[in-house]
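Below: one structure, written as structure tokens.
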Amino acid sequence: MIIIMSRAYPLIERVLDKLSQSGFTSHVIHSDNKIIITAAGAVRDELVDALMRMQGVEKVIAIDTPFKLVSKAFKAQTQVNVGKAVFGKGAFSVIAGPCAVENYESLLEIAGSVKQAGATLLRGGAFKPRTSPYSFQGLEIEGLKMLKDVSKSTGLGIVTEVVDPRTVDTVAQYADMLQIGARNMHNYTLLKEVAQVNKPILLKRGMAATIEEWLMAAEYIMLGGNEQIVLCERGIRTFEKYTRNTLDLNAVALVKELSHLPVIVDPSHGTGDWKLVSPLAKASAALGADGLMIEVHSCPEEAKSDGNQSLTPGNFAELMDKLTMILECTGKKIMRF
Ligand code: PEP
Ligand code: MN
């Protein structure tokens, strides 16, 4: 349940008592000139009616899903702005760049080409969560500095992953949008930490997370006070071995029904194969996704990570042209630099 109260009434304690007597766990959020109370428990019509009659209560939204603030019952649509990128409410944006920041020159070159093709945000991992401790772990702070420098010279906003609650503030100083990767979607300490940051969050779905778990992860961030969230479907682990992951486009269409948050798709990790990236990117645009995240490398065969799923700048530019045509049919506006 969500209860919206006017700030003018100092009657919140009575409402909280009523909720706790009825077995609900409540959280209070102060938002603009309203007080929002989220209450988790078994919703009964009589309780909704009783709350509605209490002084200071403006609205009671009976939501019986475990996620409340991210639910469509709470809000129709959210738009998230990151520099020149806009996600949601009819706007579609593309994030592109290498899997990892490797060196300044290569990052600058890739950034120039994705910008020219129409991407509005540059991606690149400085802290890389690798399955093997022997794999390239990222350039860390040096990588963040390179991202910032390239952002200054190209004007592209930066999306980069934060893997550790202790580095959230540092990453937030350099990035325009903080990425929570698939491996960290269940890291609740990290989710609570990014909720405190005044920067948009790109929340990837865990590789074995249900849709509900994904939305609950977003609920952590929203409950902590950060409403600027973009969800990213990046494929789930299935029995299929021909592809790295199985891109769950069901989830994209369904989450657009369940939540007001924008949803984008990462077909690079979703397939693991550059040849499948463009077809799945086009399908995502056609079905109503609010954007894409695509790995691009000037020389994929020499990439330090995820080269086999990275598009060349030429293939990326070709994809951008096709996306523009597809989005025209769907009525969405593609944001270009
Ligand atoms: C990435 O975006 O480079 C990445 C590590 O993605 P994921 O968390 O989806 O595996
Ligand atoms: Mn990658």
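Letters A, B, ... mark the chains of the structure tokens in the order given; residue numbers begin at 1 per chain; ligand numbers begin at 1, in order shown.
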
Secondary structure check, helix (DSSP H, G or I) residues of range 16-265 of chain A, as a compact mmCIF listing (two decimals) with N, CA, C and O atoms, in the first residue's frame:
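File states-v1.txt, as written:
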# COMPACT_ATOMS: atom_id res chain seq x y z
N LEU A 16 0.86 5.79 11.11
CA LEU A 16 1.88 4.74 11.30
C LEU A 16 1.44 3.74 12.37
O LEU A 16 1.63 2.53 12.23
N ASP A 17 0.80 4.25 13.46
CA ASP A 17 0.30 3.36 14.51
C ASP A 17 -0.77 2.42 13.95
O ASP A 17 -0.76 1.22 14.20
N LYS A 18 -1.65 3.00 13.17
CA LYS A 18 -2.74 2.21 12.58
C LYS A 18 -2.16 1.08 11.71
O LYS A 18 -2.63 -0.06 11.76
N LEU A 19 -1.14 1.45 10.93
CA LEU A 19 -0.52 0.46 10.04
C LEU A 19 0.17 -0.64 10.84
O LEU A 19 0.04 -1.83 10.53
N SER A 20 0.88 -0.23 11.89
CA SER A 20 1.60 -1.25 12.65
C SER A 20 0.63 -2.16 13.40
O SER A 20 0.82 -3.38 13.46
N GLN A 21 -0.48 -1.58 13.92
CA GLN A 21 -1.50 -2.42 14.57
C GLN A 21 -2.09 -3.44 13.59
O GLN A 21 -2.51 -4.52 13.97
N ASP A 45 -9.75 -4.23 2.33
CA ASP A 45 -10.56 -3.07 1.92
C ASP A 45 -10.92 -2.19 3.12
O ASP A 45 -10.91 -0.97 3.03
N GLU A 46 -11.25 -2.85 4.28
CA GLU A 46 -11.66 -2.05 5.46
C GLU A 46 -10.53 -1.15 5.92
O GLU A 46 -10.77 -0.01 6.35
N LEU A 47 -9.30 -1.67 5.84
CA LEU A 47 -8.16 -0.86 6.28
C LEU A 47 -7.96 0.33 5.33
O LEU A 47 -7.72 1.47 5.77
N VAL A 48 -8.09 0.07 4.03
CA VAL A 48 -7.96 1.15 3.04
C VAL A 48 -9.00 2.23 3.34
O VAL A 48 -8.68 3.43 3.40
N ASP A 49 -10.23 1.80 3.62
CA ASP A 49 -11.30 2.77 3.92
C ASP A 49 -10.99 3.55 5.19
O ASP A 49 -11.16 4.77 5.24
N ALA A 50 -10.52 2.83 6.22
CA ALA A 50 -10.20 3.50 7.50
C ALA A 50 -9.10 4.52 7.31
O ALA A 50 -9.18 5.65 7.83
N LEU A 51 -8.09 4.16 6.55
CA LEU A 51 -6.97 5.10 6.31
C LEU A 51 -7.44 6.33 5.54
O LEU A 51 -7.05 7.46 5.83
N MET A 52 -8.30 6.09 4.57
CA MET A 52 -8.83 7.19 3.75
C MET A 52 -9.55 8.22 4.60
O MET A 52 -9.57 9.41 4.28
N TYR A 104 43.53 5.65 -22.93
CA TYR A 104 42.89 6.92 -23.30
C TYR A 104 42.63 7.02 -24.81
O TYR A 104 41.53 7.37 -25.24
N GLU A 105 43.65 6.69 -25.61
CA GLU A 105 43.53 6.86 -27.07
C GLU A 105 42.40 6.01 -27.64
O GLU A 105 41.60 6.49 -28.43
N SER A 106 42.34 4.76 -27.21
CA SER A 106 41.31 3.89 -27.78
C SER A 106 39.92 4.33 -27.30
O SER A 106 38.95 4.32 -28.07
N LEU A 107 39.83 4.80 -26.06
CA LEU A 107 38.53 5.26 -25.55
C LEU A 107 38.06 6.49 -26.33
O LEU A 107 36.89 6.59 -26.73
N LEU A 108 39.00 7.41 -26.59
CA LEU A 108 38.66 8.63 -27.32
C LEU A 108 38.20 8.30 -28.75
O LEU A 108 37.22 8.86 -29.24
N GLU A 109 38.89 7.35 -29.35
CA GLU A 109 38.55 6.97 -30.73
C GLU A 109 37.14 6.33 -30.78
O GLU A 109 36.31 6.70 -31.61
N ILE A 110 36.88 5.43 -29.84
CA ILE A 110 35.56 4.77 -29.82
C ILE A 110 34.48 5.81 -29.52
O ILE A 110 33.42 5.83 -30.16
N ALA A 111 34.77 6.70 -28.57
CA ALA A 111 33.78 7.73 -28.20
C ALA A 111 33.43 8.59 -29.41
O ALA A 111 32.25 8.88 -29.66
N GLY A 112 34.45 8.98 -30.17
CA GLY A 112 34.21 9.81 -31.36
C GLY A 112 33.30 9.10 -32.34
O GLY A 112 32.36 9.70 -32.89
N SER A 113 33.55 7.81 -32.55
CA SER A 113 32.75 7.10 -33.55
C SER A 113 31.32 6.85 -33.07
O SER A 113 30.38 6.98 -33.86
N VAL A 114 31.14 6.52 -31.79
CA VAL A 114 29.74 6.26 -31.35
C VAL A 114 28.95 7.57 -31.29
O VAL A 114 27.74 7.59 -31.54
N LYS A 115 29.66 8.66 -30.99
CA LYS A 115 28.97 9.97 -30.96
C LYS A 115 28.50 10.33 -32.37
O LYS A 115 27.36 10.74 -32.58
N GLN A 116 29.39 10.13 -33.33
CA GLN A 116 29.04 10.46 -34.71
C GLN A 116 27.86 9.61 -35.19
O GLN A 116 27.00 10.08 -35.93
N ALA A 117 27.80 8.37 -34.73
CA ALA A 117 26.70 7.49 -35.13
C ALA A 117 25.39 7.83 -34.41
O ALA A 117 24.33 7.38 -34.80
N ILE A 141 40.64 3.81 -10.76
CA ILE A 141 40.58 5.28 -10.75
C ILE A 141 41.15 5.89 -12.04
O ILE A 141 40.60 6.85 -12.59
N GLU A 142 42.24 5.30 -12.55
CA GLU A 142 42.82 5.81 -13.79
C GLU A 142 41.79 5.75 -14.92
O GLU A 142 41.70 6.66 -15.75
N GLY A 143 41.02 4.68 -14.93
CA GLY A 143 39.97 4.51 -15.93
C GLY A 143 38.88 5.57 -15.78
O GLY A 143 38.37 6.12 -16.77
N LEU A 144 38.54 5.87 -14.53
CA LEU A 144 37.50 6.90 -14.29
C LEU A 144 37.99 8.25 -14.82
O LEU A 144 37.22 9.01 -15.42
N LYS A 145 39.28 8.54 -14.60
CA LYS A 145 39.84 9.82 -15.06
C LYS A 145 39.82 9.89 -16.58
O LYS A 145 39.51 10.94 -17.16
N MET A 146 40.12 8.79 -17.24
CA MET A 146 40.09 8.76 -18.70
C MET A 146 38.66 9.00 -19.20
O MET A 146 38.44 9.73 -20.16
N LEU A 147 37.69 8.38 -18.52
CA LEU A 147 36.28 8.57 -18.92
C LEU A 147 35.91 10.05 -18.80
O LEU A 147 35.27 10.62 -19.69
N LYS A 148 36.33 10.67 -17.72
CA LYS A 148 36.01 12.09 -17.49
C LYS A 148 36.66 12.97 -18.56
O LYS A 148 36.02 13.88 -19.11
N ASP A 149 37.92 12.67 -18.87
CA ASP A 149 38.62 13.46 -19.89
C ASP A 149 37.95 13.32 -21.25
O ASP A 149 37.77 14.30 -21.98
N VAL A 150 37.58 12.09 -21.59
CA VAL A 150 36.93 11.87 -22.89
C VAL A 150 35.55 12.54 -22.90
O VAL A 150 35.13 13.10 -23.91
N SER A 151 34.89 12.53 -21.76
CA SER A 151 33.60 13.21 -21.66
C SER A 151 33.76 14.70 -21.91
O SER A 151 32.97 15.32 -22.64
N LYS A 152 34.83 15.27 -21.34
CA LYS A 152 35.07 16.71 -21.52
C LYS A 152 35.34 17.03 -22.98
O LYS A 152 34.86 18.02 -23.50
N SER A 153 36.10 16.18 -23.66
CA SER A 153 36.42 16.55 -25.03
C SER A 153 35.35 16.17 -26.04
O SER A 153 35.32 16.73 -27.13
N THR A 154 34.45 15.25 -25.70
CA THR A 154 33.40 14.88 -26.66
C THR A 154 32.02 15.42 -26.28
O THR A 154 31.14 15.50 -27.13
N PRO A 165 30.36 -0.71 -2.36
CA PRO A 165 29.74 0.43 -1.66
C PRO A 165 30.77 1.49 -1.25
O PRO A 165 30.45 2.67 -1.18
N ARG A 166 32.02 1.08 -1.02
CA ARG A 166 33.05 2.03 -0.57
C ARG A 166 33.51 2.98 -1.66
O ARG A 166 34.15 3.99 -1.37
N THR A 167 33.23 2.64 -2.93
CA THR A 167 33.69 3.53 -4.00
C THR A 167 32.54 4.28 -4.68
O THR A 167 32.74 4.93 -5.70
N VAL A 168 31.35 4.21 -4.10
CA VAL A 168 30.20 4.86 -4.73
C VAL A 168 30.44 6.37 -4.89
O VAL A 168 30.23 6.93 -5.97
N ASP A 169 30.92 7.03 -3.84
CA ASP A 169 31.12 8.48 -3.93
C ASP A 169 32.18 8.84 -4.97
O ASP A 169 32.03 9.80 -5.72
N THR A 170 33.24 8.05 -5.03
CA THR A 170 34.29 8.31 -6.02
C THR A 170 33.75 8.15 -7.43
O THR A 170 33.93 9.03 -8.28
N VAL A 171 33.08 7.03 -7.69
CA VAL A 171 32.55 6.79 -9.04
C VAL A 171 31.56 7.90 -9.40
O VAL A 171 31.55 8.41 -10.52
N ALA A 172 30.76 8.32 -8.41
CA ALA A 172 29.76 9.37 -8.67
C ALA A 172 30.39 10.71 -9.03
O ALA A 172 29.78 11.53 -9.71
N GLN A 173 31.65 10.92 -8.61
CA GLN A 173 32.32 12.18 -8.96
C GLN A 173 32.67 12.22 -10.45
O GLN A 173 32.82 13.28 -11.04
N TYR A 174 32.88 11.04 -11.04
CA TYR A 174 33.32 10.97 -12.44
C TYR A 174 32.19 10.64 -13.42
O TYR A 174 32.26 11.01 -14.57
N ALA A 182 25.00 -6.96 -13.33
CA ALA A 182 24.20 -8.16 -13.08
C ALA A 182 24.65 -8.88 -11.80
O ALA A 182 23.83 -9.33 -11.01
N ARG A 183 25.97 -8.96 -11.61
CA ARG A 183 26.50 -9.69 -10.45
C ARG A 183 26.20 -8.99 -9.13
O ARG A 183 26.33 -9.58 -8.06
N ASN A 184 25.85 -7.74 -9.20
CA ASN A 184 25.61 -6.97 -7.97
C ASN A 184 24.15 -6.58 -7.76
O ASN A 184 23.85 -5.82 -6.84
N TYR A 188 22.57 -5.70 -1.62
CA TYR A 188 21.65 -4.71 -1.02
C TYR A 188 22.38 -3.56 -0.36
O TYR A 188 21.87 -2.44 -0.31
N THR A 189 23.59 -3.81 0.13
CA THR A 189 24.38 -2.71 0.72
C THR A 189 24.71 -1.70 -0.38
O THR A 189 24.62 -0.49 -0.18
N LEU A 190 25.08 -2.23 -1.54
CA LEU A 190 25.41 -1.35 -2.67
C LEU A 190 24.16 -0.60 -3.17
O LEU A 190 24.21 0.60 -3.46
N LEU A 191 23.04 -1.30 -3.21
CA LEU A 191 21.79 -0.66 -3.66
C LEU A 191 21.41 0.49 -2.72
O LEU A 191 21.02 1.58 -3.17
N LYS A 192 21.57 0.25 -1.42
CA LYS A 192 21.22 1.30 -0.44
C LYS A 192 22.17 2.49 -0.58
O LYS A 192 21.77 3.64 -0.40
N GLU A 193 23.41 2.20 -0.91
CA GLU A 193 24.41 3.26 -1.04
C GLU A 193 24.12 4.14 -2.28
O GLU A 193 24.17 5.36 -2.19
N VAL A 194 23.81 3.51 -3.41
CA VAL A 194 23.54 4.31 -4.62
C VAL A 194 22.21 5.06 -4.51
O VAL A 194 22.00 6.05 -5.20
N ILE A 211 11.94 -11.54 -12.44
CA ILE A 211 11.48 -10.17 -12.70
C ILE A 211 11.14 -9.48 -11.38
O ILE A 211 11.47 -8.31 -11.17
N GLU A 212 10.52 -10.24 -10.47
CA GLU A 212 10.14 -9.65 -9.19
C GLU A 212 11.38 -9.25 -8.38
O GLU A 212 11.42 -8.18 -7.78
N GLU A 213 12.40 -10.10 -8.38
CA GLU A 213 13.64 -9.76 -7.65
C GLU A 213 14.29 -8.51 -8.23
O GLU A 213 14.83 -7.68 -7.51
N TRP A 214 14.23 -8.39 -9.55
CA TRP A 214 14.81 -7.23 -10.24
C TRP A 214 14.06 -5.95 -9.81
O TRP A 214 14.66 -4.94 -9.45
N LEU A 215 12.73 -6.05 -9.83
CA LEU A 215 11.94 -4.88 -9.43
C LEU A 215 12.12 -4.56 -7.94
O LEU A 215 12.10 -3.39 -7.54
N MET A 216 12.33 -5.58 -7.13
CA MET A 216 12.57 -5.33 -5.70
C MET A 216 13.92 -4.64 -5.48
O MET A 216 14.09 -3.84 -4.56
N ALA A 217 14.88 -4.97 -6.34
CA ALA A 217 16.19 -4.29 -6.25
C ALA A 217 16.00 -2.80 -6.57
O ALA A 217 16.57 -1.93 -5.90
N ALA A 218 15.17 -2.53 -7.57
CA ALA A 218 14.87 -1.13 -7.91
C ALA A 218 14.12 -0.46 -6.76
O ALA A 218 14.33 0.73 -6.47
N GLU A 219 13.27 -1.23 -6.08
CA GLU A 219 12.50 -0.69 -4.95
C GLU A 219 13.46 -0.23 -3.84
O GLU A 219 13.23 0.81 -3.21
N TYR A 220 14.54 -0.98 -3.61
CA TYR A 220 15.55 -0.57 -2.61
C TYR A 220 16.07 0.82 -2.94
O TYR A 220 16.23 1.67 -2.06
N ILE A 221 16.37 1.04 -4.21
CA ILE A 221 16.97 2.32 -4.62
C ILE A 221 15.94 3.44 -4.48
O ILE A 221 16.24 4.53 -3.98
N MET A 222 14.71 3.14 -4.88
CA MET A 222 13.67 4.18 -4.79
C MET A 222 13.30 4.48 -3.35
O MET A 222 13.11 5.64 -2.97
N LEU A 223 13.25 3.45 -2.53
CA LEU A 223 12.92 3.65 -1.12
C LEU A 223 14.00 4.46 -0.42
O LEU A 223 13.71 5.24 0.50
N LEU A 249 13.27 -11.04 -23.72
CA LEU A 249 12.46 -9.91 -24.20
C LEU A 249 11.05 -9.94 -23.62
O LEU A 249 10.37 -8.91 -23.57
N ASN A 250 10.62 -11.13 -23.14
CA ASN A 250 9.34 -11.18 -22.40
C ASN A 250 9.39 -10.16 -21.26
O ASN A 250 8.43 -9.44 -21.00
N ALA A 251 10.53 -10.21 -20.56
CA ALA A 251 10.67 -9.38 -19.36
C ALA A 251 10.54 -7.90 -19.71
O ALA A 251 9.97 -7.13 -18.94
N VAL A 252 11.07 -7.52 -20.86
CA VAL A 252 11.03 -6.10 -21.24
C VAL A 252 9.58 -5.65 -21.43
O VAL A 252 9.14 -4.64 -20.87
N ALA A 253 8.83 -6.45 -22.21
CA ALA A 253 7.43 -6.10 -22.44
C ALA A 253 6.64 -6.14 -21.13
O ALA A 253 5.82 -5.26 -20.86
N LEU A 254 6.93 -7.13 -20.29
CA LEU A 254 6.18 -7.27 -19.04
C LEU A 254 6.52 -6.15 -18.04
O LEU A 254 5.60 -5.58 -17.43
N VAL A 255 7.79 -5.84 -17.92
CA VAL A 255 8.17 -4.80 -16.94
C VAL A 255 7.61 -3.43 -17.37
O VAL A 255 7.27 -2.61 -16.51
N LYS A 256 7.46 -3.22 -18.67
CA LYS A 256 6.82 -1.98 -19.12
C LYS A 256 5.37 -1.92 -18.62
O LYS A 256 4.81 -0.85 -18.45
N GLU A 257 4.75 -3.09 -18.41
CA GLU A 257 3.39 -3.15 -17.85
C GLU A 257 3.38 -2.97 -16.33
O GLU A 257 2.48 -2.38 -15.77
N LEU A 258 4.40 -3.56 -15.68
CA LEU A 258 4.40 -3.61 -14.21
C LEU A 258 4.94 -2.35 -13.56
O LEU A 258 4.59 -2.03 -12.42

Mind running chain A against ligand 2 at 7 Å and telling me each contacting residue's nearest atom pair with the distance in Å (one decimal), counting only C-alpha atoms and all ligand atoms, chain and number ascending, as JSON lines?
{"residue": "A:Cys99", "atom": "CA", "partner": "ligand 2", "partner_atom_place_in_ligand_line": "1 (Mn)", "distance": 4.1}
{"residue": "A:Ala100", "atom": "CA", "partner": "ligand 2", "partner_atom_place_in_ligand_line": "1 (Mn)", "distance": 6.9}
{"residue": "A:His269", "atom": "CA", "partner": "ligand 2", "partner_atom_place_in_ligand_line": "1 (Mn)", "distance": 6.4}
{"residue": "A:Glu295", "atom": "CA", "partner": "ligand 2", "partner_atom_place_in_ligand_line": "1 (Mn)", "distance": 6.9}
{"residue": "A:Ser305", "atom": "CA", "partner": "ligand 2", "partner_atom_place_in_ligand_line": "1 (Mn)", "distance": 6.4}
{"residue": "A:Asp306", "atom": "CA", "partner": "ligand 2", "partner_atom_place_in_ligand_line": "1 (Mn)", "distance": 5.1}

Any chance you can output those residues with C-alpha atoms as a PDB file, in the first residue's frame?
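Full text of again.pdb as output:
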ATOM      1  CA  CYS A  99      33.265  -3.202 -22.295  1.00  0.00           C
ATOM      2  CA  ALA A 100      36.247  -1.857 -20.353  1.00  0.00           C
ATOM      3  CA  HIS A 269      25.784  -9.390 -22.882  1.00  0.00           C
ATOM      4  CA  GLU A 295      29.412  -2.665 -26.631  1.00  0.00           C
ATOM      5  CA  SER A 305      37.176  -8.069 -22.550  1.00  0.00           C
ATOM      6  CA  ASP A 306      34.031  -9.033 -24.437  1.00  0.00           C
TER       7      ASP A 306
END

Site check for ligand 1: residues at most 9 Å away, only C-alpha atoms and all ligand atoms, as a VMD selection string: chain A and resid 98 to 100 123 to 125 128 to 130 160 to 161 179 to 185 204 to 207 232 to 235 266 268 to 270 293 to 295 305 to 306

Best match for closeness to Val265 in chain A among A:Phe136, A:Phe127, A:Phe337, A:Phe92, counting only C-alpha atoms: A:Phe92

Given the choices A:Ala195, A:Ala303, A:Met320, A:Asn308, which gets closest to Pro279 in chain A if the distance is worked out from only C-alpha atoms? A:Met320

What does the structure give for the distance between CA of Phe74 in chain A and CA of His260 in chain A, in Å to one decimal? 8.1 Å

Select from range 76-294 of chain A everything DSSP, run on the backbone, classes as strand (DSSP E or B), then give the selection as a ChimeraX atom specification. /A:80-82,85-88,91-97,100,121-123,125,157-161,177-180,201-204,229-233,236,246,259,263-265,291-294

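Take the candidates A:Ile36, A:Val197, A:Met1, A:Ile229 and check each one against Phe67 in chain A using only C-alpha atoms; the shortest distance goes to A:Met1.
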
Can you measure CA of His186 in chain A to CA of Gly83 in chain A for me? One decimal in Å is fine. 27.9 Å

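In terms of minimum interatomic distance to Glu140 in chain A, A:Val163 ranks closest within A:Val296, A:Ala283, A:Ile236, A:Val163, counting only C-alpha atoms.
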
CA of Leu178 in chain A to CA of Ala39 in chain A, straight-line distance in Å: 28.2 Å

Contact residues around Pro267 in chain A with only C-alpha atoms at 7 Å, ignoring same-chain residues under 4 positions, as a PyMOL selection string: chain A and resi 234+247+271+277+280-281+294

7 Å contact set for Asp290 in chain A, only C-alpha atoms, chain neighbours under 5 positions out, as a list in words: Phe87, Gly88, Ala91, Phe92, Ser93, Pro262, Val263 and Ile264 of chain A

Could you please take those selected residues and save N, CA and C atoms as an mmCIF file, in the first residue's frame?
data_model
loop_
_atom_site.group_PDB
_atom_site.id
_atom_site.type_symbol
_atom_site.label_atom_id
_atom_site.label_comp_id
_atom_site.auth_asym_id
_atom_site.auth_seq_id
_atom_site.Cartn_x
_atom_site.Cartn_y
_atom_site.Cartn_z
ATOM 1 N N PHE A 87 15.503 8.799 -21.356
ATOM 2 C CA PHE A 87 14.915 7.454 -21.372
ATOM 3 C C PHE A 87 13.475 7.537 -20.872
ATOM 4 N N GLY A 88 12.558 6.975 -21.631
ATOM 5 C CA GLY A 88 11.181 6.879 -21.162
ATOM 6 C C GLY A 88 10.288 8.009 -21.632
ATOM 7 N N ALA A 91 10.853 8.702 -25.222
ATOM 8 C CA ALA A 91 12.235 8.989 -25.651
ATOM 9 C C ALA A 91 13.101 7.735 -25.566
ATOM 10 N N PHE A 92 13.963 7.569 -26.554
ATOM 11 C CA PHE A 92 14.817 6.377 -26.689
ATOM 12 C C PHE A 92 16.259 6.846 -26.842
ATOM 13 N N SER A 93 17.170 6.305 -26.049
ATOM 14 C CA SER A 93 18.576 6.717 -26.149
ATOM 15 C C SER A 93 19.486 5.500 -26.190
ATOM 16 N N PRO A 262 11.760 3.433 -16.911
ATOM 17 C CA PRO A 262 12.206 3.098 -18.262
ATOM 18 C C PRO A 262 12.995 1.779 -18.266
ATOM 19 N N VAL A 263 12.876 1.041 -19.359
ATOM 20 C CA VAL A 263 13.573 -0.249 -19.487
ATOM 21 C C VAL A 263 14.405 -0.236 -20.763
ATOM 22 N N ILE A 264 15.688 -0.529 -20.649
ATOM 23 C CA ILE A 264 16.524 -0.622 -21.844
ATOM 24 C C ILE A 264 17.077 -2.044 -21.961
#

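Of the listed residues A:Gly225, A:Pro300, A:Gly288, A:Gly331, the one whose atoms come nearest to Ile29 in chain A is A:Gly225, with distances taken using only C-alpha atoms.
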